[in-house]
file run_39.cif (mmCIF, C-alpha atoms)
data_start
#
loop_
_atom_site.label_atom_id
_atom_site.label_comp_id
_atom_site.auth_asym_id
_atom_site.auth_seq_id
_atom_site.Cartn_x
_atom_site.Cartn_y
_atom_site.Cartn_z
CA MET R 1 -171.81 -80.62 43.08
CA ASP R 2 -175.24 -82.14 43.65
CA ASN R 3 -176.57 -83.14 47.00
CA GLN R 4 -175.67 -86.80 46.60
CA GLU R 5 -172.07 -86.09 45.69
CA GLU R 6 -171.73 -83.60 48.49
CA LYS R 7 -173.03 -86.14 50.95
CA ARG R 8 -170.62 -88.76 49.67
CA ALA R 9 -167.68 -86.38 49.86
CA ARG R 10 -168.53 -85.52 53.46
CA ALA R 11 -168.78 -89.20 54.35
CA GLU R 12 -165.43 -89.91 52.68
CA ALA R 13 -163.84 -87.03 54.53
CA GLU R 14 -165.23 -88.18 57.85
CA LEU R 15 -164.03 -91.73 57.27
CA ASP R 16 -160.58 -90.46 56.31
CA ARG R 17 -160.50 -88.22 59.38
CA ARG R 18 -161.20 -91.14 61.64
CA ILE R 19 -158.71 -93.37 59.89
CA ALA R 20 -156.05 -90.70 60.23
CA GLY R 21 -156.76 -90.60 63.94
CA LEU R 22 -155.96 -94.25 64.46
CA ALA R 23 -152.76 -94.89 66.35
CA ARG R 24 -150.39 -97.21 64.55
CA ASP R 25 -148.81 -98.32 67.77
CA VAL R 26 -150.83 -100.51 70.11
CA ALA R 27 -149.11 -101.75 73.23
CA PRO R 28 -149.77 -105.39 74.07
CA ASP R 29 -151.27 -106.07 77.48
CA ARG R 30 -148.05 -107.71 78.61
CA ASP R 31 -144.39 -107.56 77.76
CA LEU R 32 -143.76 -110.17 75.08
CA TRP R 33 -139.97 -109.99 75.36
CA PRO R 34 -139.45 -112.61 78.11
CA ASP R 35 -141.30 -115.24 76.04
CA ILE R 36 -139.46 -114.23 72.89
CA GLU R 37 -136.11 -114.40 74.64
CA ALA R 38 -136.96 -117.81 76.10
CA ARG R 39 -137.81 -119.12 72.64
CA LEU R 40 -134.61 -117.67 71.19
CA ASP R 41 -132.69 -119.48 73.92
CA GLU R 42 -134.47 -122.73 73.08
CA GLN R 43 -133.65 -122.32 69.39
CA GLU R 44 -130.02 -121.57 70.06
CA HIS R 45 -129.67 -124.66 72.16
CA ALA R 46 -131.36 -126.70 69.47
CA ALA R 47 -129.30 -125.17 66.66
CA PRO R 48 -125.88 -123.97 67.79
CA SER R 49 -125.13 -122.13 64.55
CA ARG R 50 -126.56 -118.64 64.78
CA TYR R 51 -125.54 -117.98 61.22
CA GLY R 52 -128.38 -120.16 59.91
CA TRP R 53 -128.32 -120.91 56.23
CA TRP R 54 -125.46 -118.51 55.56
CA GLY R 55 -123.25 -120.54 57.83
CA ALA R 56 -124.51 -123.77 56.38
CA ALA R 57 -123.87 -122.60 52.86
CA ALA R 58 -120.42 -121.36 53.78
CA ALA R 59 -119.69 -124.71 55.34
CA ALA R 60 -120.79 -126.48 52.18
CA LEU R 61 -118.59 -124.30 50.00
CA ALA R 62 -115.68 -124.72 52.39
CA VAL R 63 -116.09 -128.47 52.20
CA ALA R 64 -115.96 -128.40 48.44
CA ALA R 65 -112.82 -126.31 48.43
CA LEU R 66 -110.99 -127.99 51.26
CA LEU R 67 -111.78 -131.61 50.80
CA PRO R 68 -108.83 -132.34 48.48
CA LEU R 69 -106.46 -130.66 50.95
CA LEU R 70 -107.91 -132.50 53.88
CA LEU R 71 -107.53 -135.77 52.12
CA ARG R 72 -103.99 -135.05 50.98
CA GLU R 73 -102.98 -134.10 54.51
CA ALA R 74 -104.64 -137.05 56.16
CA PRO R 75 -102.07 -139.18 57.95
CA ASP R 76 -101.10 -142.49 56.46
CA ALA R 77 -103.19 -142.00 53.41
CA VAL R 78 -103.37 -145.22 51.51
CA VAL R 79 -104.08 -143.56 48.22
CA PRO R 80 -101.23 -141.50 46.84
CA VAL R 81 -102.42 -138.41 45.07
CA SER R 82 -100.33 -137.05 42.31
CA ASP R 83 -100.67 -133.51 41.01
CA ASP R 84 -100.82 -134.76 37.46
CA VAL R 85 -103.87 -136.85 38.20
CA PRO R 86 -106.75 -134.76 36.98
CA MET R 87 -109.65 -134.14 39.27
CA ALA R 88 -112.80 -135.88 38.27
CA THR R 89 -115.43 -133.47 37.15
CA VAL R 90 -119.12 -133.86 36.94
CA PRO R 91 -119.90 -134.75 33.35
CA GLU R 92 -121.87 -132.15 31.46
CA THR R 93 -124.71 -134.54 30.99
CA THR R 94 -124.99 -135.36 34.65
CA ALA R 95 -124.59 -131.94 36.21
CA PRO R 96 -127.79 -130.61 37.71
CA ARG R 97 -129.25 -128.19 35.28
CA ALA R 98 -132.08 -127.28 37.52
CA ILE R 99 -132.28 -123.58 36.99
CA VAL R 100 -136.01 -124.18 36.87
CA PRO R 101 -136.67 -125.93 40.15
CA GLU R 102 -139.15 -128.68 40.50
CA ALA R 103 -140.85 -127.67 43.65
CA THR R 104 -142.37 -129.68 46.44
CA ILE R 105 -141.12 -133.11 45.57
CA PRO R 106 -140.63 -134.72 48.94
CA VAL R 107 -137.70 -137.04 49.36
CA GLU R 108 -137.26 -139.70 51.93
CA THR R 109 -136.00 -138.58 55.27
CA SER R 110 -133.13 -140.17 57.05
CA PRO R 111 -133.69 -143.00 59.42
CA GLY R 112 -131.53 -142.94 62.51
CA MET R 113 -127.92 -142.25 61.75
CA PRO R 114 -124.97 -143.06 63.97
CA ALA R 115 -123.25 -139.96 65.29
CA SER R 116 -119.84 -141.38 64.53
CA GLY R 117 -118.14 -144.55 63.47
CA ILE R 118 -116.26 -145.26 60.34
CA ASP R 119 -117.22 -148.79 59.58
CA THR R 120 -120.71 -147.88 58.37
CA SER R 121 -119.79 -144.89 56.23
CA ALA R 122 -121.04 -146.29 52.95
CA GLN R 123 -124.27 -147.29 54.59
CA ARG R 124 -124.56 -143.85 56.15
CA LEU R 125 -124.20 -142.19 52.79
CA ARG R 126 -126.74 -144.46 51.22
CA LEU R 127 -129.28 -143.99 53.95
CA ARG R 128 -128.84 -140.32 54.56
CA ASN R 129 -130.59 -138.00 52.21
CA ALA R 130 -131.27 -134.33 52.76
CA ALA R 131 -134.86 -133.85 53.89
CA VAL R 132 -135.57 -131.14 51.38
CA THR R 133 -139.07 -130.21 50.36
CA SER R 134 -138.76 -126.83 48.69
CA VAL R 135 -136.48 -126.75 45.66
CA ARG R 136 -135.41 -129.99 44.06
CA PRO R 137 -133.50 -130.38 40.85
CA GLY R 138 -134.99 -132.61 38.23
CA PRO R 139 -134.67 -136.35 37.72
CA GLU R 140 -131.34 -135.87 35.91
CA TYR R 141 -129.84 -134.74 39.16
CA ASP R 142 -131.20 -137.75 41.01
CA GLU R 143 -129.80 -140.01 38.34
CA ALA R 144 -126.37 -138.36 38.38
CA ARG R 145 -126.30 -138.38 42.14
CA ALA R 146 -127.22 -142.06 42.32
CA GLU R 147 -124.43 -142.93 39.89
CA LEU R 148 -121.84 -140.88 41.74
CA LEU R 149 -122.98 -142.24 45.07
CA GLU R 150 -122.65 -145.79 43.88
CA LEU R 151 -119.15 -145.10 42.62
CA LEU R 152 -118.27 -143.22 45.78
CA GLU R 153 -119.31 -146.06 48.01
CA GLU R 154 -117.04 -148.32 46.04
CA ARG R 155 -114.16 -145.83 46.21
CA LEU R 156 -114.58 -145.30 49.92
CA GLU R 157 -113.48 -148.84 50.47
CA GLY R 158 -110.10 -147.84 49.04
CA LEU R 159 -109.61 -144.96 51.47
CA ALA R 160 -108.01 -145.06 54.87
CA PRO R 161 -110.55 -145.02 57.70
CA GLU R 162 -109.63 -141.43 58.63
CA GLU R 163 -110.08 -140.25 55.06
CA ARG R 164 -113.31 -142.13 54.75
CA GLU R 165 -114.62 -140.43 57.85
CA ILE R 166 -113.63 -137.00 56.50
CA VAL R 167 -115.51 -137.65 53.29
CA VAL R 168 -118.62 -138.96 55.00
CA ARG R 169 -118.75 -136.17 57.53
CA ASN R 170 -118.31 -133.52 54.88
CA ILE R 171 -120.99 -134.89 52.63
CA GLU R 172 -123.27 -135.01 55.63
CA ALA R 173 -122.37 -131.36 56.30
CA ILE R 174 -123.47 -130.49 52.78
CA ARG R 175 -126.73 -132.32 53.29
CA GLY R 176 -127.18 -130.42 56.54
CA ALA R 177 -126.62 -127.23 54.56
CA LEU R 178 -129.30 -128.29 52.07
CA GLU R 179 -131.73 -128.72 54.93
CA GLU R 180 -130.83 -125.35 56.47
CA ILE R 181 -131.37 -123.61 53.16
CA ASP R 182 -134.57 -125.57 52.68
CA THR R 183 -135.85 -124.22 55.99
CA ALA R 184 -135.03 -120.69 54.89
CA LEU R 185 -136.76 -121.31 51.56
CA GLN R 186 -139.93 -122.41 53.27
CA ASP R 187 -140.09 -118.94 54.81
CA ASN R 188 -139.07 -117.19 51.59
CA PRO R 189 -139.97 -119.50 48.73
CA ASP R 190 -139.47 -116.83 46.10
CA ASP R 191 -136.07 -115.64 47.26
CA PRO R 192 -133.85 -115.98 44.16
CA LEU R 193 -130.67 -115.91 46.25
CA LEU R 194 -131.82 -118.85 48.33
CA GLN R 195 -132.98 -120.77 45.27
CA GLU R 196 -129.64 -120.23 43.60
CA LEU R 197 -127.79 -121.19 46.73
CA MET R 198 -129.82 -124.35 47.06
CA LEU R 199 -129.00 -125.38 43.52
CA LYS R 200 -125.33 -124.54 44.00
CA THR R 201 -125.27 -126.65 47.11
CA TYR R 202 -126.74 -129.56 45.19
CA GLN R 203 -123.98 -129.00 42.67
CA THR R 204 -121.42 -128.86 45.46
CA GLU R 205 -122.51 -132.25 46.71
CA LEU R 206 -122.05 -133.71 43.26
CA ASP R 207 -118.68 -131.98 42.86
CA VAL R 208 -117.42 -133.31 46.17
CA MET R 209 -118.47 -136.84 45.31
CA ALA R 210 -116.87 -136.52 41.89
CA ARG R 211 -113.66 -135.13 43.38
CA VAL R 212 -113.43 -137.91 45.88
CA ASN R 213 -113.99 -140.41 43.13
CA GLY R 214 -111.11 -138.81 41.23
CA LEU R 215 -108.82 -138.50 44.23
CA ALA R 216 -109.24 -142.09 45.21
CA GLY R 217 -107.98 -143.24 41.86
CA PRO R 218 -109.50 -146.01 39.84
CA ALA R 219 -111.97 -148.11 41.69
CA ARG R 220 -110.46 -151.31 42.88
CA ARG R 221 -111.75 -154.25 41.00
CA ARG R 222 -112.79 -156.99 43.33
CA THR R 223 -111.09 -160.26 42.64
CA ASP R 224 -112.49 -162.24 45.50
CA LEU R 225 -115.77 -163.04 43.82
CA MET P 1 -102.79 -121.19 49.61
CA SER P 2 -103.03 -122.91 52.97
CA ALA P 3 -106.15 -124.67 54.16
CA ALA P 4 -106.54 -122.03 56.88
CA ALA P 5 -106.28 -119.22 54.34
CA ILE P 6 -108.87 -120.86 52.12
CA MET P 7 -111.19 -121.32 55.08
CA GLN P 8 -110.71 -117.66 56.02
CA THR P 9 -111.54 -116.56 52.50
CA ILE P 10 -114.60 -118.70 52.19
CA VAL P 11 -116.12 -118.60 55.63
CA ALA P 12 -115.37 -115.15 56.99
CA PRO P 13 -117.45 -113.04 54.62
CA ALA P 14 -120.42 -115.33 54.76
CA GLY P 15 -120.24 -115.68 58.51
CA GLU P 16 -121.94 -112.38 59.09
CA ALA P 17 -123.55 -111.04 55.98
CA PRO P 18 -122.68 -110.09 52.45
CA ALA P 19 -120.37 -107.10 52.42
CA MET P 20 -121.92 -103.86 51.29
CA VAL P 21 -120.13 -100.79 50.11
CA ASP P 22 -122.63 -98.34 51.54
CA GLU P 23 -124.02 -99.78 54.73
CA PRO P 24 -127.67 -98.73 54.91
CA VAL P 25 -128.38 -100.97 57.87
CA PRO P 26 -128.91 -99.15 61.17
CA LEU P 27 -126.32 -99.69 63.87
CA THR P 28 -128.74 -101.44 66.24
CA VAL P 29 -129.68 -103.88 63.51
CA ARG P 30 -126.03 -104.50 62.69
CA ARG P 31 -125.30 -105.19 66.34
CA ALA P 32 -128.26 -107.54 66.57
CA ARG P 33 -127.14 -109.27 63.41
CA LYS P 34 -123.85 -110.04 65.11
CA GLY P 35 -125.77 -111.82 67.84
CA ASP P 36 -126.17 -108.96 70.31
CA ARG P 37 -129.35 -109.93 72.13
CA ARG P 38 -129.62 -106.57 73.93
CA ALA P 39 -129.56 -104.76 70.62
CA PHE P 40 -132.35 -107.00 69.40
CA GLU P 41 -134.33 -106.29 72.56
CA GLN P 42 -133.94 -102.61 71.79
CA LEU P 43 -135.35 -103.24 68.31
CA TYR P 44 -138.21 -105.14 69.91
CA ARG P 45 -138.98 -102.22 72.24
CA GLU P 46 -138.92 -99.77 69.34
CA HIS P 47 -141.16 -101.78 67.07
CA VAL P 48 -143.41 -103.94 69.23
CA GLY P 49 -146.22 -101.37 69.27
CA GLN P 50 -146.53 -101.28 65.49
CA VAL P 51 -146.03 -105.00 65.06
CA TYR P 52 -148.58 -105.87 67.72
CA GLY P 53 -150.99 -103.22 66.42
CA LEU P 54 -150.71 -104.64 62.92
CA CYS P 55 -151.23 -108.19 64.16
CA LEU P 56 -154.15 -107.19 66.39
CA ARG P 57 -155.93 -105.37 63.62
CA MET P 58 -155.31 -108.16 61.15
CA THR P 59 -156.40 -110.94 63.49
CA GLY P 60 -158.83 -109.11 65.76
CA GLU P 61 -157.77 -111.39 68.61
CA PRO P 62 -155.37 -110.19 71.33
CA ALA P 63 -154.06 -113.67 72.14
CA GLU P 64 -153.57 -114.49 68.47
CA ALA P 65 -151.97 -111.11 67.89
CA GLU P 66 -149.53 -111.73 70.75
CA ASP P 67 -148.57 -115.09 69.27
CA CYS P 68 -148.11 -113.59 65.83
CA ALA P 69 -146.05 -110.69 67.15
CA GLN P 70 -143.83 -113.09 69.09
CA GLU P 71 -143.43 -115.28 66.05
CA ALA P 72 -142.58 -112.24 63.96
CA PHE P 73 -139.75 -111.21 66.26
CA ILE P 74 -138.41 -114.74 66.46
CA GLN P 75 -138.44 -115.01 62.69
CA ALA P 76 -136.82 -111.59 62.47
CA TRP P 77 -133.96 -112.73 64.71
CA ARG P 78 -133.43 -115.76 62.52
CA LYS P 79 -133.53 -113.71 59.34
CA LEU P 80 -131.54 -110.67 60.41
CA GLY P 81 -128.72 -111.73 58.14
CA GLN P 82 -131.06 -111.34 55.19
CA PHE P 83 -132.00 -107.75 56.01
CA ARG P 84 -130.15 -105.63 53.49
CA GLY P 85 -131.58 -102.23 54.24
CA ASP P 86 -133.46 -101.99 50.95
CA ALA P 87 -136.49 -100.95 52.98
CA ALA P 88 -136.83 -99.53 56.49
CA PHE P 89 -136.33 -102.08 59.23
CA GLY P 90 -139.92 -101.50 60.40
CA THR P 91 -141.25 -102.28 56.93
CA TRP P 92 -139.18 -105.45 56.79
CA LEU P 93 -140.53 -106.40 60.20
CA HIS P 94 -144.10 -105.71 59.10
CA ARG P 95 -143.69 -108.10 56.20
CA ILE P 96 -142.60 -110.80 58.57
CA ALA P 97 -145.52 -110.03 60.87
CA VAL P 98 -147.98 -110.22 57.97
CA ASN P 99 -146.50 -113.59 57.00
CA ALA P 100 -146.88 -114.77 60.58
CA VAL P 101 -150.55 -113.77 60.58
CA LEU P 102 -151.21 -115.37 57.20
CA ALA P 103 -149.39 -118.56 58.15
CA ARG P 104 -151.46 -118.78 61.29
CA ARG P 105 -154.67 -118.21 59.36
CA ARG P 106 -153.67 -120.92 56.86
CA ARG P 107 -153.17 -123.36 59.71
CA ALA P 108 -156.58 -122.48 61.15
CA LYS P 109 -159.53 -124.60 60.16
CA PRO P 110 -161.28 -123.40 57.02
CA GLU P 111 -164.57 -123.26 58.86
CA ASP P 112 -163.04 -121.09 61.56
CA PRO P 113 -165.97 -118.99 62.64
CA LEU P 114 -163.86 -115.95 63.50
CA ASP P 115 -165.51 -113.74 60.94
CA GLU P 116 -168.94 -114.65 62.20
CA ARG P 117 -168.20 -113.55 65.70
CA ALA P 118 -166.39 -110.41 64.69
CA GLU P 119 -168.47 -108.30 66.99
CA LEU P 120 -166.90 -110.13 69.93
CA ARG P 121 -163.40 -109.15 68.98
CA ALA P 122 -161.24 -106.97 71.09
CA VAL P 123 -160.23 -103.62 69.73
CA PRO P 124 -157.49 -101.30 70.90
CA GLU P 125 -158.30 -98.87 73.68
CA SER P 126 -159.13 -95.52 72.14
CA ALA P 127 -161.50 -92.56 72.16
CA SER P 128 -165.11 -93.19 71.29
CA ASP P 129 -164.91 -92.32 67.59
CA GLN P 130 -161.75 -94.31 67.15
CA ARG P 131 -163.16 -97.16 69.15
CA ASP P 132 -166.20 -97.33 66.88
CA LEU P 133 -163.90 -97.41 63.89
CA GLU P 134 -161.71 -100.13 65.43
CA THR P 135 -164.82 -102.20 66.13
CA ALA P 136 -166.00 -101.70 62.58
CA ILE P 137 -162.58 -102.66 61.19
CA ALA P 138 -162.57 -105.80 63.33
CA SER P 139 -165.95 -106.75 61.91
CA LEU P 140 -164.76 -106.63 58.30
CA PRO P 141 -164.34 -109.84 56.31
CA GLU P 142 -160.78 -111.07 56.53
CA GLY P 143 -159.60 -110.19 53.02
CA ALA P 144 -161.01 -106.68 53.17
CA ARG P 145 -159.71 -106.20 56.68
CA HIS P 146 -156.17 -107.20 55.78
CA VAL P 147 -156.02 -104.83 52.83
CA PHE P 148 -157.62 -102.03 54.79
CA VAL P 149 -155.21 -102.37 57.70
CA LEU P 150 -152.13 -102.45 55.48
CA HIS P 151 -153.20 -99.74 53.05
CA ALA P 152 -155.35 -97.35 55.05
CA VAL P 153 -153.89 -97.70 58.53
CA TYR P 154 -150.22 -98.52 57.88
CA GLY P 155 -149.86 -96.62 54.63
CA TYR P 156 -148.68 -99.30 52.24
CA THR P 157 -149.40 -98.89 48.56
CA HIS P 158 -151.68 -101.36 46.85
CA ASP P 159 -148.68 -102.98 45.21
CA GLU P 160 -146.93 -103.35 48.54
CA ALA P 161 -150.01 -104.62 50.35
CA ALA P 162 -150.77 -107.02 47.50
CA GLY P 163 -147.19 -108.28 47.61
CA MET P 164 -147.40 -108.91 51.33
CA LEU P 165 -150.74 -110.66 51.08
CA GLY P 166 -149.97 -112.64 47.96
CA ILE P 167 -152.82 -111.16 45.97
CA ALA P 168 -153.08 -109.05 42.83
CA SER P 169 -152.92 -105.30 43.11
CA GLY P 170 -156.36 -105.08 41.54
CA THR P 171 -157.73 -107.40 44.18
CA SER P 172 -156.24 -105.14 46.83
CA LYS P 173 -158.07 -102.17 45.34
CA ALA P 174 -161.31 -104.08 45.18
CA GLN P 175 -160.95 -105.22 48.78
CA LEU P 176 -160.27 -101.67 49.91
CA HIS P 177 -163.40 -100.49 48.13
CA ARG P 178 -165.36 -103.21 49.86
CA ALA P 179 -163.84 -102.36 53.23
CA ARG P 180 -164.57 -98.66 52.98
CA THR P 181 -168.12 -99.28 51.83
CA LEU P 182 -168.75 -101.64 54.73
CA LEU P 183 -167.13 -99.30 57.23
CA ALA P 184 -169.22 -96.40 56.02
CA GLU P 185 -172.35 -98.46 56.39
CA ARG P 186 -171.43 -99.70 59.82
CA LEU P 187 -170.41 -96.29 61.07
CA GLY P 188 -173.57 -94.75 59.68
CA PHE P 189 -171.89 -92.59 57.04
CA ALA P 190 -174.12 -92.61 54.04
CA GLY P 191 -172.46 -92.35 50.68
CA ALA P 192 -168.83 -93.18 51.50
CA ASP P 193 -167.19 -94.93 48.59
CA GLY P 194 -164.26 -97.19 47.98
CA LYS P 195 -161.64 -94.55 47.51
CA THR P 196 -158.30 -95.91 46.38
#
call {"tool": "encode", "arguments": {"input": "run_39.cif", "output": "structure tokens"}}
result
Amino acid sequence: MDNQEEKRARAEAELDRRIAGLARDVAPDRDLWPDIEARLDEQEHAAPSRYGWWGAAAAALAVAALLPLLLREAPDAVVPVSDDVPMATVPETTAPRAIVPEATIPVETSPGMPASGIDTSAQRLRLRNAAVTSVRPGPEYDEARAELLELLEERLEGLAPEEREIVVRNIEAIRGALEEIDTALQDNPDDPLLQELMLKTYQTELDVMARVNGLAGPARRRTDL
Amino acid sequence: MSAAAIMQTIVAPAGEAPAMVDEPVPLTVRRARKGDRRAFEQLYREHVGQVYGLCLRMTGEPAEAEDCAQEAFIQAWRKLGQFRGDAAFGTWLHRIAVNAVLARRRRAKPEDPLDERAELRAVPESASDQRDLETAIASLPEGARHVFVLHAVYGYTHDEAAGMLGIASGTSKAQLHRARTLLAERLGFAGADGKT
């Protein structure tokens, strides 16, 4: 080993010795917990669900599964539902096929939305769109959704007010789920589970709209025009 | 199947976390995941030193490090349901802390003069040799400092550090070389090289 190499080796060893002596733990000057706890309290008041996107996703899936039951059990339903009436399904050509997400396409956010009220349900559906900025399916999804939404708004007129409210609230719940998952995706944009969940929730929204369209029977043709 | 039974089937498993056959998640974490705030405080007490130390060395600013550490724990609380025990809880927490630091740096103005006033940065209290080293680390350019802190101080591999920082593994190695060379110069060690 020549002098230069020996010198370098000693320097490396000295640097390593000092690095090894560094403490990994460094105590902050003050206890951070009170501030953290206060912020957790604030968040919990702002967002009652502590289950975050898991809860939102579960809610969306529950909506998809339960909506037919809820509608069938709604009192004084004006639309009889027969078991031999097939459920509407999302046509192959209109289902979102967004396995490859188109990222960062902003969509319009919702203007003010009434907290309740059944007389504006169609308007609520039209106005309300999930404020999602992370994963968006492609234009085929938007096209399919627009078609289903148009049909849904027409079909809603044929539902009893209680049923209409159930449908509107549940679709809004799904859109809330999309936004919850979107928030999680902004923190973990590469999480495949979240991406898949987001796309499934988009699909769920389409399925619910398609099911409602099927449950409500043929759209009433207006004769008053 | 009744509506209630369907709801039970769908909602109950997702309400907490995906079921796992072998539960590798520590009990305190599982309690915190169920919403036990005291359990989460215990996790905070166990890990705050490392999280704050990591943030302080990455940012070089005590106030900024406090903010980042706080943010990391808040994010951790929100994401506890996603912790699957694939890595140690501390490692998972470090990743969140690194993200908090990087997010904060991204929000900072590009012309932020932090690097130019590195000599003014606070460093952890320590013995003279260590203090010199901490000062030298704090004076490193940001990219080299981040890699050095993660790899040399906290023991992450280049792949892990690169993954956390969103850079290539080769870049991590190059930054470490740069960091060690600069540290050697600043500490007066002639000949130290960028050992990977």
call {"tool": "atom_distance", "arguments": {"input": "run_39.cif", "atom1": "atom CA of Ala97 of chain P", "atom2": "atom CA of Leu193 of chain R"}}
result
21.7 Å
call {"tool": "atom_distance", "arguments": {"input": "run_39.cif", "atom1": "atom CA of Asp142 of chain R", "atom2": "atom CA of Glu162 of chain R"}}
result
28.1 Å
call {"tool": "residues_around", "arguments": {"input": "run_39.cif", "residues": "Thr91 of chain P", "least_positions_apart": "6", "cutoff": "10 Å", "atoms": "only C-alpha atoms", "output": "VMD selection string"}}
result
chain P and resid 51 97 154 156
call {"tool": "axis_aligned_box", "arguments": {"input": "run_39.cif", "around": "segment 26-31 of chain P", "padding_each_side": "8 Å", "output": "JSON"}}
result
{"center_x": -127.5, "center_y": -102.2, "center_z": 63.8, "size_x": 20.4, "size_y": 22.0, "size_z": 21.2}
call {"tool": "resolve_selection", "arguments": {"input": "run_39.cif", "expression": "the PyMOL selection byres ((chain P and resi 165) around 9)", "output": "number ranges by chain"}}
result
P: 98-99, 102, 146-147, 160-164, 166-168, 172
call {"tool": "write_last_selection", "arguments": {"input": "run_39.cif", "atoms": "C-alpha atoms", "output": "PDB file, in the frame of the given file"}}
result
ATOM      1  CA  VAL P  98    -147.980-110.220  57.970  1.00  0.00           C
ATOM      2  CA  ASN P  99    -146.500-113.590  57.000  1.00  0.00           C
ATOM      3  CA  LEU P 102    -151.210-115.370  57.200  1.00  0.00           C
ATOM      4  CA  HIS P 146    -156.170-107.200  55.780  1.00  0.00           C
ATOM      5  CA  VAL P 147    -156.020-104.830  52.830  1.00  0.00           C
ATOM      6  CA  GLU P 160    -146.930-103.350  48.540  1.00  0.00           C
ATOM      7  CA  ALA P 161    -150.010-104.620  50.350  1.00  0.00           C
ATOM      8  CA  ALA P 162    -150.770-107.020  47.500  1.00  0.00           C
ATOM      9  CA  GLY P 163    -147.190-108.280  47.610  1.00  0.00           C
ATOM     10  CA  MET P 164    -147.400-108.910  51.330  1.00  0.00           C
ATOM     11  CA  GLY P 166    -149.970-112.640  47.960  1.00  0.00           C
ATOM     12  CA  ILE P 167    -152.820-111.160  45.970  1.00  0.00           C
ATOM     13  CA  ALA P 168    -153.080-109.050  42.830  1.00  0.00           C
ATOM     14  CA  SER P 172    -156.240-105.140  46.830  1.00  0.00           C
TER      15      SER P 172
END
call {"tool": "residues_around", "arguments": {"input": "run_39.cif", "residues": "Leu152 of chain R", "least_positions_apart": "6", "cutoff": "8 Å", "atoms": "all atoms listed in the file", "output": "list in words"}}
result
Met209, Ala210, Val212 and Asn213 of chain R
call {"tool": "resolve_selection", "arguments": {"input": "run_39.cif", "expression": "the PyMOL selection byres ((chain R and resi 188) around 12)", "output": "PyMOL selection string"}}
result
(chain R and resi 134-135+181-187+189-195) or (chain P and resi 75+79+82+95-96+99+164)
call {"tool": "residues_around", "arguments": {"input": "run_39.cif", "residues": "Pro28 of chain R", "least_positions_apart": "4", "cutoff": "12 Å", "atoms": "all atoms listed in the file", "output": "ChimeraX atom specification"}}
result
/R:32-33 /P:45,47-56,61-70,122-125
call {"tool": "resolve_selection", "arguments": {"input": "run_39.cif", "expression": "the PyMOL selection byres ((chain P and resi 136) around 9)", "output": "ChimeraX atom specification"}}
result
/P:118-119,131-135,137-140,182-183,186-187
call {"tool": "closest_residue", "arguments": {"input": "run_39.cif", "among": "P:Thr28, P:Gln130, P:Thr181, P:Gln175", "to": "chain R", "atoms": "all atoms listed in the file"}}
result
P:Gln130
call {"tool": "closest_residue", "arguments": {"input": "run_39.cif", "among": "P:Arg145, P:Arg78, P:Arg38, P:Arg31", "to": "chain R", "atoms": "all atoms listed in the file"}}
result
P:Arg78
call {"tool": "atom_distance", "arguments": {"input": "run_39.cif", "atom1": "atom CA of Glu37 of chain R", "atom2": "atom CA of Phe73 of chain P"}}
result
9.7 Å
call {"tool": "closest_residue", "arguments": {"input": "run_39.cif", "among": "P:Val25, P:Ala184, P:Val153, P:Met58", "to": "Arg104 of chain P", "atoms": "all atoms listed in the file"}}
result
P:Met58
call {"tool": "closest_residue", "arguments": {"input": "run_39.cif", "among": "P:Leu176, P:Ala103, P:Val29, P:Leu93", "to": "chain R", "atoms": "all atoms listed in the file"}}
result
P:Ala103
call {"tool": "closest_residue", "arguments": {"input": "run_39.cif", "among": "P:Pro24, P:Leu150, P:Asp86, P:Lys173", "to": "chain R", "atoms": "all atoms listed in the file"}}
result
P:Leu150
call {"tool": "closest_residue", "arguments": {"input": "run_39.cif", "among": "R:Ile19, R:Leu149, R:Leu197, R:Leu156", "to": "chain P", "atoms": "only C-alpha atoms"}}
result
R:Ile19
